[in-house]
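Pasting work.pdb here (PDB, C-alpha atoms):
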```pdb
ATOM      1  CA  MET G   1       4.965 220.493 123.362
ATOM      2  CA  PRO G   2       6.434 217.241 124.753
ATOM      3  CA  ALA G   3       8.840 217.544 127.663
ATOM      4  CA  LYS G   4      12.513 217.537 126.773
ATOM      5  CA  HIS G   5      14.486 214.385 127.481
ATOM      6  CA  ARG G   6      16.251 214.928 130.813
ATOM      7  CA  VAL G   7      19.914 213.961 131.041
ATOM      8  CA  ALA G   8      21.886 213.961 134.296
ATOM      9  CA  VAL G   9      25.674 213.747 134.044
ATOM     10  CA  LEU G  10      27.014 212.390 137.341
ATOM     11  CA  LEU G  11      30.514 213.702 138.112
ATOM     12  CA  LEU G  12      32.475 211.477 140.484
ATOM     13  CA  ASP G  13      35.667 212.865 142.012
ATOM     14  CA  PRO G  14      38.177 212.942 140.388
ATOM     15  CA  VAL G  15      36.394 213.086 137.047
ATOM     16  CA  VAL G  16      38.178 212.948 133.703
ATOM     17  CA  GLY G  17      37.772 216.545 132.557
ATOM     18  CA  PHE G  18      37.408 215.834 128.856
ATOM     19  CA  ASP G  19      34.820 213.126 129.455
ATOM     20  CA  ALA G  20      32.766 215.417 131.686
ATOM     21  CA  THR G  21      32.187 217.830 128.792
ATOM     22  CA  ILE G  22      31.164 215.337 126.106
ATOM     23  CA  ALA G  23      27.485 214.722 126.900
ATOM     24  CA  PRO G  24      26.677 218.364 127.773
ATOM     25  CA  THR G  25      28.359 219.550 124.567
ATOM     26  CA  LEU G  26      26.924 217.072 122.078
ATOM     27  CA  LEU G  27      23.480 216.427 123.571
ATOM     28  CA  GLY G  28      23.192 220.118 124.351
ATOM     29  CA  ALA G  29      23.806 220.930 120.668
ATOM     30  CA  ALA G  30      20.984 218.673 119.418
ATOM     31  CA  THR G  31      18.039 220.806 118.314
ATOM     32  CA  GLY G  32      14.800 220.178 116.514
ATOM     33  CA  ALA G  33      12.753 222.304 114.143
ATOM     34  CA  GLY G  34      13.056 225.966 115.022
ATOM     35  CA  GLY G  35      16.196 225.389 117.070
ATOM     36  CA  ALA G  36      14.447 224.029 120.162
ATOM     37  CA  PRO G  37      16.827 221.926 122.337
ATOM     38  CA  LEU G  38      15.992 218.238 122.322
ATOM     39  CA  TYR G  39      17.715 217.423 125.617
ATOM     40  CA  ASP G  40      17.770 219.132 129.000
ATOM     41  CA  VAL G  41      21.293 218.326 130.244
ATOM     42  CA  VAL G  42      22.526 219.026 133.777
ATOM     43  CA  THR G  43      25.685 218.047 135.605
ATOM     44  CA  CYS G  44      25.333 216.810 139.154
ATOM     45  CA  GLY G  45      27.574 215.711 142.007
ATOM     46  CA  LEU G  46      27.255 213.766 145.219
ATOM     47  CA  THR G  47      27.622 217.096 147.061
ATOM     48  CA  PRO G  48      27.304 220.752 145.990
ATOM     49  CA  ALA G  49      31.091 221.146 146.200
ATOM     50  CA  PRO G  50      33.227 221.510 143.057
ATOM     51  CA  VAL G  51      34.324 218.170 141.645
ATOM     52  CA  LEU G  52      38.043 217.883 141.029
ATOM     53  CA  SER G  53      39.124 216.732 137.590
ATOM     54  CA  THR G  54      42.193 214.812 136.554
ATOM     55  CA  ASN G  55      43.194 217.707 134.298
ATOM     56  CA  GLY G  56      44.012 220.545 136.647
ATOM     57  CA  PHE G  57      40.615 222.171 137.114
ATOM     58  CA  ALA G  58      37.414 221.641 139.073
ATOM     59  CA  VAL G  59      33.819 221.487 137.853
ATOM     60  CA  VAL G  60      30.963 223.059 139.765
ATOM     61  CA  PRO G  61      27.921 220.806 139.247
ATOM     62  CA  GLN G  62      24.638 222.467 138.385
ATOM     63  CA  ALA G  63      22.597 220.188 140.631
ATOM     64  CA  GLY G  64      22.803 217.674 143.421
ATOM     65  CA  VAL G  65      21.991 213.980 143.341
ATOM     66  CA  GLU G  66      18.274 214.791 143.272
ATOM     67  CA  ALA G  67      18.676 215.258 139.500
ATOM     68  CA  LEU G  68      19.185 211.526 139.108
ATOM     69  CA  ALA G  69      15.673 210.717 140.327
ATOM     70  CA  THR G  70      13.991 212.600 137.478
ATOM     71  CA  ALA G  71      16.465 211.812 134.683
ATOM     72  CA  ASP G  72      15.537 209.891 131.543
ATOM     73  CA  THR G  73      19.223 209.227 130.863
ATOM     74  CA  VAL G  74      22.107 209.156 133.341
ATOM     75  CA  VAL G  75      25.652 209.575 132.005
ATOM     76  CA  ILE G  76      28.719 208.691 134.060
ATOM     77  CA  PRO G  77      31.915 210.126 132.553
ATOM     78  CA  GLY G  78      35.337 208.589 133.046
ATOM     79  CA  THR G  79      36.626 208.855 136.594
ATOM     80  CA  HIS G  80      39.455 207.843 138.897
ATOM     81  CA  TYR G  81      36.886 207.263 141.664
ATOM     82  CA  ARG G  82      38.782 204.798 143.832
ATOM     83  CA  PRO G  83      35.971 202.608 145.264
ATOM     84  CA  ALA G  84      34.855 201.441 141.809
ATOM     85  CA  ARG G  85      38.278 201.588 140.123
ATOM     86  CA  VAL G  86      40.290 199.807 142.837
ATOM     87  CA  ASP G  87      38.017 198.250 145.454
ATOM     88  CA  GLY G  88      35.236 196.963 143.188
ATOM     89  CA  LEU G  89      32.400 198.663 145.046
ATOM     90  CA  LEU G  90      30.535 201.931 145.625
ATOM     91  CA  ASP G  91      30.719 204.047 148.745
ATOM     92  CA  PRO G  92      27.387 204.572 150.541
ATOM     93  CA  ASP G  93      26.764 208.029 149.052
ATOM     94  CA  ALA G  94      27.287 206.862 145.465
ATOM     95  CA  ALA G  95      25.261 203.684 146.042
ATOM     96  CA  THR G  96      22.356 205.711 147.457
ATOM     97  CA  ALA G  97      22.555 208.165 144.574
ATOM     98  CA  LEU G  98      22.423 205.476 141.902
ATOM     99  CA  ALA G  99      19.644 203.648 143.750
ATOM    100  CA  SER G 100      17.492 206.753 143.255
ATOM    101  CA  VAL G 101      17.544 206.363 139.470
ATOM    102  CA  ARG G 102      14.099 205.526 138.109
ATOM    103  CA  PRO G 103      13.391 202.073 136.640
ATOM    104  CA  GLY G 104      13.708 202.234 132.860
ATOM    105  CA  CYS G 105      16.170 205.122 132.930
ATOM    106  CA  ARG G 106      18.858 204.783 130.263
ATOM    107  CA  MET G 107      22.308 204.340 131.806
ATOM    108  CA  VAL G 108      25.386 205.482 129.892
ATOM    109  CA  SER G 109      29.089 205.390 130.723
ATOM    110  CA  ILE G 110      32.006 207.055 129.000
ATOM    111  CA  CYS G 111      35.473 205.523 129.274
ATOM    112  CA  THR G 112      36.175 204.343 132.844
ATOM    113  CA  GLY G 113      32.691 205.358 133.949
ATOM    114  CA  ALA G 114      31.977 201.706 133.118
ATOM    115  CA  PHE G 115      33.667 200.766 136.423
ATOM    116  CA  VAL G 116      30.910 202.664 138.251
ATOM    117  CA  LEU G 117      28.127 200.918 136.332
ATOM    118  CA  ALA G 118      29.826 197.592 136.977
ATOM    119  CA  ALA G 119      30.211 198.319 140.692
ATOM    120  CA  ALA G 120      26.480 199.077 140.815
ATOM    121  CA  GLY G 121      25.762 195.663 139.272
ATOM    122  CA  LEU G 122      24.286 197.222 136.135
ATOM    123  CA  LEU G 123      26.664 195.420 133.774
ATOM    124  CA  ASP G 124      26.317 191.932 135.233
ATOM    125  CA  GLY G 125      25.869 189.466 132.383
ATOM    126  CA  ARG G 126      25.809 192.255 129.817
ATOM    127  CA  PRO G 127      28.150 193.312 127.005
ATOM    128  CA  ALA G 128      30.170 196.454 127.703
ATOM    129  CA  THR G 129      33.378 198.259 126.872
ATOM    130  CA  THR G 130      35.800 200.698 128.453
ATOM    131  CA  HIS G 131      39.178 202.252 127.661
ATOM    132  CA  TRP G 132      41.432 199.499 126.298
ATOM    133  CA  GLN G 133      44.201 200.438 128.735
ATOM    134  CA  TYR G 134      41.990 199.569 131.720
ATOM    135  CA  ALA G 135      40.163 196.573 130.280
ATOM    136  CA  ASP G 136      42.197 194.022 132.251
ATOM    137  CA  ASP G 137      41.489 195.917 135.473
ATOM    138  CA  LEU G 138      37.761 195.926 134.836
ATOM    139  CA  ARG G 139      37.793 192.271 133.853
ATOM    140  CA  ALA G 140      39.617 191.327 137.073
ATOM    141  CA  LEU G 141      37.309 193.359 139.329
ATOM    142  CA  TYR G 142      34.055 192.490 137.554
ATOM    143  CA  PRO G 143      34.398 189.096 135.822
ATOM    144  CA  GLN G 144      30.634 188.883 135.314
ATOM    145  CA  VAL G 145      30.782 191.675 132.697
ATOM    146  CA  HIS G 146      31.052 190.555 129.059
ATOM    147  CA  LEU G 147      33.799 193.004 128.202
ATOM    148  CA  ASP G 148      34.881 193.802 124.648
ATOM    149  CA  GLU G 149      37.740 196.303 124.500
ATOM    150  CA  ASN G 150      37.896 196.184 120.685
ATOM    151  CA  VAL G 151      34.878 198.396 119.971
ATOM    152  CA  LEU G 152      34.179 202.112 120.241
ATOM    153  CA  PHE G 153      30.884 201.639 122.070
ATOM    154  CA  VAL G 154      28.312 199.044 123.033
ATOM    155  CA  ASP G 155      24.555 199.635 122.816
ATOM    156  CA  ASP G 156      22.726 197.066 124.938
ATOM    157  CA  GLY G 157      19.376 198.829 124.880
ATOM    158  CA  ASP G 158      18.951 200.603 128.193
ATOM    159  CA  VAL G 159      22.657 200.402 129.086
ATOM    160  CA  LEU G 160      25.307 201.883 126.784
ATOM    161  CA  THR G 161      29.062 202.064 127.327
ATOM    162  CA  SER G 162      31.846 203.713 125.348
ATOM    163  CA  ALA G 163      35.546 203.116 125.020
ATOM    164  CA  GLY G 164      38.164 205.637 126.065
ATOM    165  CA  LEU G 165      37.892 209.411 125.910
ATOM    166  CA  ALA G 166      36.935 210.476 122.357
ATOM    167  CA  ALA G 167      34.826 207.341 121.908
ATOM    168  CA  GLY G 168      32.328 209.163 124.098
ATOM    169  CA  LEU G 169      31.755 211.444 121.112
ATOM    170  CA  ASP G 170      30.885 208.417 118.996
ATOM    171  CA  LEU G 171      28.486 207.123 121.625
ATOM    172  CA  CYS G 172      26.703 210.453 122.113
ATOM    173  CA  LEU G 173      26.263 210.843 118.355
ATOM    174  CA  HIS G 174      24.871 207.304 118.288
ATOM    175  CA  ILE G 175      22.409 208.187 121.047
ATOM    176  CA  ILE G 176      21.261 211.274 119.159
ATOM    177  CA  ARG G 177      20.951 209.250 115.967
ATOM    178  CA  ARG G 178      18.956 206.576 117.797
ATOM    179  CA  ASP G 179      16.654 209.115 119.434
ATOM    180  CA  HIS G 180      16.202 211.650 116.627
ATOM    181  CA  GLY G 181      17.635 210.273 113.389
ATOM    182  CA  ALA G 182      20.715 210.700 111.235
ATOM    183  CA  GLN G 183      19.969 214.279 110.154
ATOM    184  CA  VAL G 184      20.037 215.646 113.702
ATOM    185  CA  ALA G 185      23.139 213.616 114.604
ATOM    186  CA  ASN G 186      24.961 214.724 111.463
ATOM    187  CA  ALA G 187      24.178 218.379 112.204
ATOM    188  CA  VAL G 188      25.608 218.007 115.717
ATOM    189  CA  ALA G 189      28.712 216.343 114.272
ATOM    190  CA  ARG G 190      29.173 219.245 111.853
ATOM    191  CA  TYR G 191      28.738 221.756 114.667
ATOM    192  CA  CYS G 192      31.328 219.950 116.796
ATOM    193  CA  VAL G 193      33.623 219.468 113.773
ATOM    194  CA  VAL G 194      33.827 215.693 114.225
ATOM    195  CA  PRO G 195      32.916 212.883 111.822
ATOM    196  CA  PRO G 196      29.307 211.646 112.161
ATOM    197  CA  TRP G 197      30.654 208.095 112.343
ATOM    198  CA  ARG G 198      34.109 206.706 112.863
ATOM    199  CA  GLU G 199      35.340 203.509 111.304
ATOM    200  CA  GLY G 200      36.650 200.494 113.130
ATOM    201  CA  GLY G 201      37.148 199.995 116.844
ATOM    202  CA  GLN G 202      39.554 201.083 119.510
ATOM    203  CA  ALA G 203      41.754 198.054 118.828
ATOM    204  CA  GLN G 204      43.260 199.996 115.950
ATOM    205  CA  PHE G 205      44.567 202.599 118.425
ATOM    206  CA  ILE G 206      46.357 200.111 120.690
ATOM    207  CA  ASP G 207      50.124 200.157 120.278
ATOM    208  CA  ARG G 208      51.282 197.301 118.090
ATOM    209  CA  HIS G 209      53.849 196.687 115.416
ATOM    210  CA  LEU G 210      52.808 197.539 111.888
ATOM    211  CA  PRO G 211      54.946 196.696 108.881
ATOM    212  CA  ALA G 212      56.716 199.673 107.345
ATOM    213  CA  GLU G 213      56.126 198.560 103.799
ATOM    214  CA  ASP G 214      52.902 198.771 101.817
ATOM    215  CA  THR G 215      51.759 202.003 103.492
ATOM    216  CA  ALA G 216      49.294 203.055 100.779
ATOM    217  CA  SER G 217      45.890 203.952 102.225
ATOM    218  CA  THR G 218      42.375 203.025 101.153
ATOM    219  CA  ALA G 219      41.067 206.412 102.354
ATOM    220  CA  ALA G 220      40.693 207.899  98.868
ATOM    221  CA  ALA G 221      38.793 204.835  97.679
ATOM    222  CA  ARG G 222      36.478 205.073 100.679
ATOM    223  CA  THR G 223      35.825 208.763 100.000
ATOM    224  CA  TRP G 224      35.036 207.982  96.374
ATOM    225  CA  ALA G 225      32.738 205.124  97.426
ATOM    226  CA  CYS G 226      30.723 207.441  99.672
ATOM    227  CA  GLN G 227      30.184 209.736  96.696
ATOM    228  CA  HIS G 228      29.045 206.874  94.422
ATOM    229  CA  LEU G 229      26.858 204.720  96.668
ATOM    230  CA  ASP G 230      24.272 204.369  93.892
ATOM    231  CA  GLN G 231      26.785 202.445  91.791
ATOM    232  CA  PRO G 232      28.083 198.866  92.055
ATOM    233  CA  LEU G 233      31.065 198.952  94.414
ATOM    234  CA  THR G 234      32.959 195.736  93.865
ATOM    235  CA  ILE G 235      36.294 194.823  95.407
ATOM    236  CA  GLY G 236      37.864 195.150  91.990
ATOM    237  CA  THR G 237      36.473 198.645  91.456
ATOM    238  CA  LEU G 238      37.611 199.895  94.859
ATOM    239  CA  ALA G 239      41.009 198.217  94.582
ATOM    240  CA  ARG G 240      41.637 199.933  91.255
ATOM    241  CA  ARG G 241      40.735 203.281  92.861
ATOM    242  CA  ALA G 242      43.313 202.590  95.565
ATOM    243  CA  GLU G 243      45.835 201.359  92.979
ATOM    244  CA  MET G 244      46.199 198.035  94.791
ATOM    245  CA  SER G 245      45.626 194.415  94.011
ATOM    246  CA  PRO G 246      42.318 193.103  95.398
ATOM    247  CA  ARG G 247      44.139 190.968  97.973
ATOM    248  CA  THR G 248      46.263 193.865  99.230
ATOM    249  CA  PHE G 249      43.244 196.171  99.216
ATOM    250  CA  ILE G 250      41.175 193.816 101.398
ATOM    251  CA  ARG G 251      44.008 193.407 103.895
ATOM    252  CA  ARG G 252      44.752 197.118 104.068
ATOM    253  CA  PHE G 253      41.043 198.003 104.264
ATOM    254  CA  GLN G 254      40.517 195.740 107.270
ATOM    255  CA  GLU G 255      43.621 197.129 108.992
ATOM    256  CA  GLU G 256      42.369 200.690 108.547
ATOM    257  CA  THR G 257      38.664 200.270 109.290
ATOM    258  CA  GLY G 258      38.311 197.062 111.285
ATOM    259  CA  GLU G 259      35.707 195.885 108.770
ATOM    260  CA  SER G 260      35.572 194.020 105.502
ATOM    261  CA  PRO G 261      34.926 196.184 102.418
ATOM    262  CA  GLY G 262      31.522 194.564 101.967
ATOM    263  CA  ALA G 263      30.369 195.260 105.528
ATOM    264  CA  TRP G 264      31.676 198.819 105.376
ATOM    265  CA  VAL G 265      29.931 199.602 102.069
ATOM    266  CA  ARG G 266      26.667 198.089 103.314
ATOM    267  CA  ALA G 267      26.777 200.260 106.457
ATOM    268  CA  ARG G 268      27.394 203.405 104.392
ATOM    269  CA  ARG G 269      24.490 202.515 102.087
ATOM    270  CA  ILE G 270      22.152 202.101 105.057
ATOM    271  CA  ASP G 271      23.343 205.406 106.558
ATOM    272  CA  HIS G 272      22.640 207.152 103.260
ATOM    273  CA  ALA G 273      19.209 205.547 102.976
ATOM    274  CA  ARG G 274      18.343 206.802 106.455
ATOM    275  CA  GLU G 275      19.353 210.337 105.515
ATOM    276  CA  LEU G 276      17.248 210.190 102.351
ATOM    277  CA  LEU G 277      14.240 208.916 104.294
ATOM    278  CA  GLU G 278      14.552 211.855 106.671
ATOM    279  CA  GLN G 279      15.209 214.540 104.082
ATOM    280  CA  ARG G 280      13.320 213.629 100.916
ATOM    281  CA  ASP G 281       9.815 212.407 100.070
ATOM    282  CA  LEU G 282      10.956 209.847  97.526
ATOM    283  CA  PRO G 283       9.419 206.414  96.923
ATOM    284  CA  ILE G 284      11.051 203.635  98.926
ATOM    285  CA  ASP G 285      12.287 201.900  95.773
ATOM    286  CA  GLU G 286      13.979 205.123  94.609
ATOM    287  CA  ILE G 287      15.704 205.560  97.962
ATOM    288  CA  ALA G 288      16.908 201.974  97.740
ATOM    289  CA  ARG G 289      18.304 202.682  94.268
ATOM    290  CA  LEU G 290      20.030 205.930  95.258
ATOM    291  CA  SER G 291      21.647 204.308  98.280
ATOM    292  CA  GLY G 292      22.767 201.274  96.299
ATOM    293  CA  LEU G 293      20.602 198.802  98.206
ATOM    294  CA  GLY G 294      18.873 197.803  94.986
ATOM    295  CA  THR G 295      15.261 197.179  95.926
ATOM    296  CA  GLY G 296      12.751 198.394  98.443
ATOM    297  CA  ALA G 297      12.563 194.853  99.806
ATOM    298  CA  ASN G 298      16.301 194.878 100.509
ATOM    299  CA  LEU G 299      16.065 198.271 102.221
ATOM    300  CA  ARG G 300      13.154 197.016 104.339
ATOM    301  CA  HIS G 301      15.181 193.949 105.321
ATOM    302  CA  HIS G 302      18.185 195.958 106.509
ATOM    303  CA  LEU G 303      16.162 198.552 108.435
ATOM    304  CA  ARG G 304      14.056 195.923 110.160
ATOM    305  CA  ARG G 305      17.140 193.918 111.098
ATOM    306  CA  GLY G 306      19.172 196.925 112.269
ATOM    307  CA  LEU G 307      16.517 199.275 113.659
ATOM    308  CA  GLY G 308      13.428 197.144 114.115
ATOM    309  CA  MET G 309      11.248 199.304 111.888
ATOM    310  CA  SER G 310      10.190 199.632 108.276
ATOM    311  CA  PRO G 311      11.321 202.507 106.021
ATOM    312  CA  THR G 312       7.837 204.019 106.257
ATOM    313  CA  ALA G 313       7.870 203.865 110.052
ATOM    314  CA  TYR G 314      11.393 205.305 110.153
ATOM    315  CA  ARG G 315      10.346 208.222 107.956
ATOM    316  CA  LYS G 316       7.283 208.874 110.119
ATOM    317  CA  VAL G 317       9.353 208.913 113.311
ATOM    318  CA  PHE G 318      12.320 210.963 112.126
ATOM    319  CA  GLN G 319      11.251 213.157 109.225
ATOM    320  CA  GLY G 320       9.500 215.506 111.622
ATOM    321  CA  THR G 321      12.785 216.320 113.335
ATOM    322  CA  ALA G 322      14.274 218.202 110.381
ATOM    323  CA  LEU G 323      16.348 220.951 111.879
ATOM    324  CA  ARG G 324      17.831 224.249 110.900
ATOM    325  CA  GLY G 325      21.057 223.737 112.831
ATOM    326  CA  PRO G 326      22.334 223.238 116.369
ATOM    327  CA  ALA G 327      21.803 225.958 118.887
ATOM    328  CA  ALA G 328      24.296 228.740 118.475
ATOM    329  CA  ALA G 329      27.325 228.627 120.692
ATOM    330  CA  GLY G 330      27.004 230.833 123.717
TER     331      GLY G 330
END
```

Rewrite the structure of this file - the entire thing - as structure tokens.
Amino acid sequence: MPAKHRVAVLLLDPVVGFDATIAPTLLGAATGAGGAPLYDVVTCGLTPAPVLSTNGFAVVPQAGVEALATADTVVIPGTHYRPARVDGLLDPDAATALASVRPGCRMVSICTGAFVLAAAGLLDGRPATTHWQYADDLRALYPQVHLDENVLFVDDGDVLTSAGLAAGLDLCLHIIRRDHGAQVANAVARYCVVPPWREGGQAQFIDRHLPAEDTASTAAARTWACQHLDQPLTIGTLARRAEMSPRTFIRRFQEETGESPGAWVRARRIDHARELLEQRDLPIDEIARLSGLGTGANLRHHLRRGLGMSPTAYRKVFQGTALRGPAAAG
């Protein structure tokens, strides 16, 4: 049996309490066939002492910094750790700890954990995100980071960053989906009672004036579209479902999701195709038809562009991870 993927969650005082629980909860709930855990997740601190949180409690880490040296993924939750948040640097203990991380280890930040990655120089010249409220602070301290505060997370290969707080859920589900496929990620989402994917970016949660009129939502049309992905989903069809004119529908859709209707529908079709590849032994052309992508050639194009693999290769990698459900809550 292959070794489980080792994840070390580094808690820096004072840690954001909610953020500290995200990776252990979601990655810890990811199981393969027979219910075997897919990740070995431990929390660690710079010292054995409890790590204070910003939410009125302390967290006792399971391990010391030695856990970083053997980790396959290191996660840094949001933190008010002053050296990185205010001074633009790491103290010697934190610098030594992060220097022990193995080359090739995947580095992940949640919320303001991005300040720590930036202070370590790991975001220099790379795209990243953080909580929108602190984006200007990060940009001022670390101008070499290509910051985008309008997205829920950024996947730059071996370095991934999420926006504020609950966006860490989106990022961890993305990591599970990337590592083990949509079926495993969707099961974890169901277990945690969160959506498997969330539309739009964090820009839609920033306070701004919205007109009071024209408050009809496109949500019902989007729900209907997800149930009829094998059918043509034109602007006209969706607008009629929402009882709007096409022009109003497009504007409202983009306000609610951060995407055009066409881009949103295409993403849902690809998600559905991935699920079918994992769950059913259907011909590629049939999966393309059921997901609304039309032809096997079109499905191959989208998977190669988005995931770098063919439908056959995707099925071979992920169909073996069919699961019976996340590990039962303790």

A straight line from CA of His272 in chain G to CA of Leu152 in chain G spans 21.1 Å

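Evaluated against this file, the PyMOL selection byres ((chain G and resi 240-244) around 9) yields Ala216, Ser217, Thr218, Ala219, Ala220, Ala221, Arg222, Trp224, Ile235, Gly236, Thr237, Leu238, Ala239, Ser245, Pro246, Arg247, Thr248 and Phe249 of chain G.
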
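With distances restricted to all atoms listed in the file, G:Gly181 is the closest residue to Phe318 in chain G from G:Pro283, G:Pro232, G:Gly181, G:Gly296.
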
Inset, instruction - Scan for residues within 8 Å of the point (27.7, 220.0, 146.6) in the coordinates of the file, using all atoms listed in the file, and reply as a PyMOL selection string. - result: chain G and resi 45-50+61+63-64

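For the pair CA of Trp264 in chain G and CA of Arg304 in chain G, the interatomic distance is 18.5 Å.
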
Using only C-alpha atoms, determine which residues lie at most 10 Å from Gln133 in chain G, disregarding the query and same-chain residues fewer than 3 positions distant; provide the list as a short mmCIF file (atom, residue, chain, number, x, y, z; two decimals) with C-alpha atoms, in the coordinates of the input.
```
data_model
loop_
_atom_site.label_atom_id
_atom_site.label_comp_id
_atom_site.auth_asym_id
_atom_site.auth_seq_id
_atom_site.Cartn_x
_atom_site.Cartn_y
_atom_site.Cartn_z
CA THR G 112 36.17 204.34 132.84
CA THR G 130 35.80 200.70 128.45
CA ASP G 136 42.20 194.02 132.25
CA ASP G 137 41.49 195.92 135.47
CA LEU G 138 37.76 195.93 134.84
CA GLU G 149 37.74 196.30 124.50
CA ALA G 163 35.55 203.12 125.02
CA GLY G 164 38.16 205.64 126.06
CA ILE G 206 46.36 200.11 120.69
#
```

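Nearest residue to Ile287 in chain G, choosing from G:Ala97, G:Ala29, G:Leu229, G:Val265 and counting all atoms listed in the file: G:Leu229.
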
Checklist entry - So which residues get picked by the PyMOL selection byres ((chain G and resi 128) around 12) here, written as a ChimeraX atom specification? => result /G:107-115,117-118,122-127,129-132,135,138-139,142-163

Practice prompt. Skip Trp197 in chain G itself and residues of its chain fewer than 6 positions away, then list as a PyMOL selection string all residues within 9 Å of it, counting only C-alpha atoms.
Written response: chain G and resi 170+173-174+186+189

Of G:Ala187, G:Ala225, G:Leu303, G:Ile270, the one nearest to Gly32 in chain G when counting all atoms listed in the file is G:Ala187

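When all atoms listed in the file are used to measure the gap to Arg190 in chain G, the shortest distance among G:Leu26, G:Leu171, G:Val15, G:Leu98 belongs to G:Leu26.
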
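The shell of residues at most 9 Å from Phe57 in chain G, with only C-alpha atoms counted and near chain neighbours (fewer than 5 positions) removed, consists of Gly17, Val51 and Leu52 of chain G.
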
Closest of G:Val42, G:Leu290, G:Cys172, G:Leu307 to Leu27 in chain G, counting only C-alpha atoms, is G:Cys172

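When only C-alpha atoms are used to measure the gap to Val65 in chain G, the shortest distance among G:Gln202, G:Gln279, G:Thr96, G:Thr79 belongs to G:Thr96.
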
Pull out every residue that the PyMOL selection byres ((chain G and resi 285) around 12) matches in the shown coordinates and put them as JSON, numbers by chain. {"G": [273, 276, 277, 281, 282, 283, 284, 286, 287, 288, 289, 290, 291, 292, 293, 294, 295, 296, 297, 298, 299, 300, 311, 312]}

Could you pull the residues within 8 Å of Pro261 in chain G, counting all atoms listed in the file, minus those fewer than 6 positions along the same chain, as a ChimeraX atom specification?
/G:235,250,253-254

- Task: Within 10 Å of Arg198 in chain G, counting only C-alpha atoms, which residues show up once you throw out same-chain ones fewer than 3 positions away? Write them as a PyMOL selection string, please.
- Result: chain G and resi 152+167+169-170+194-195+201+257
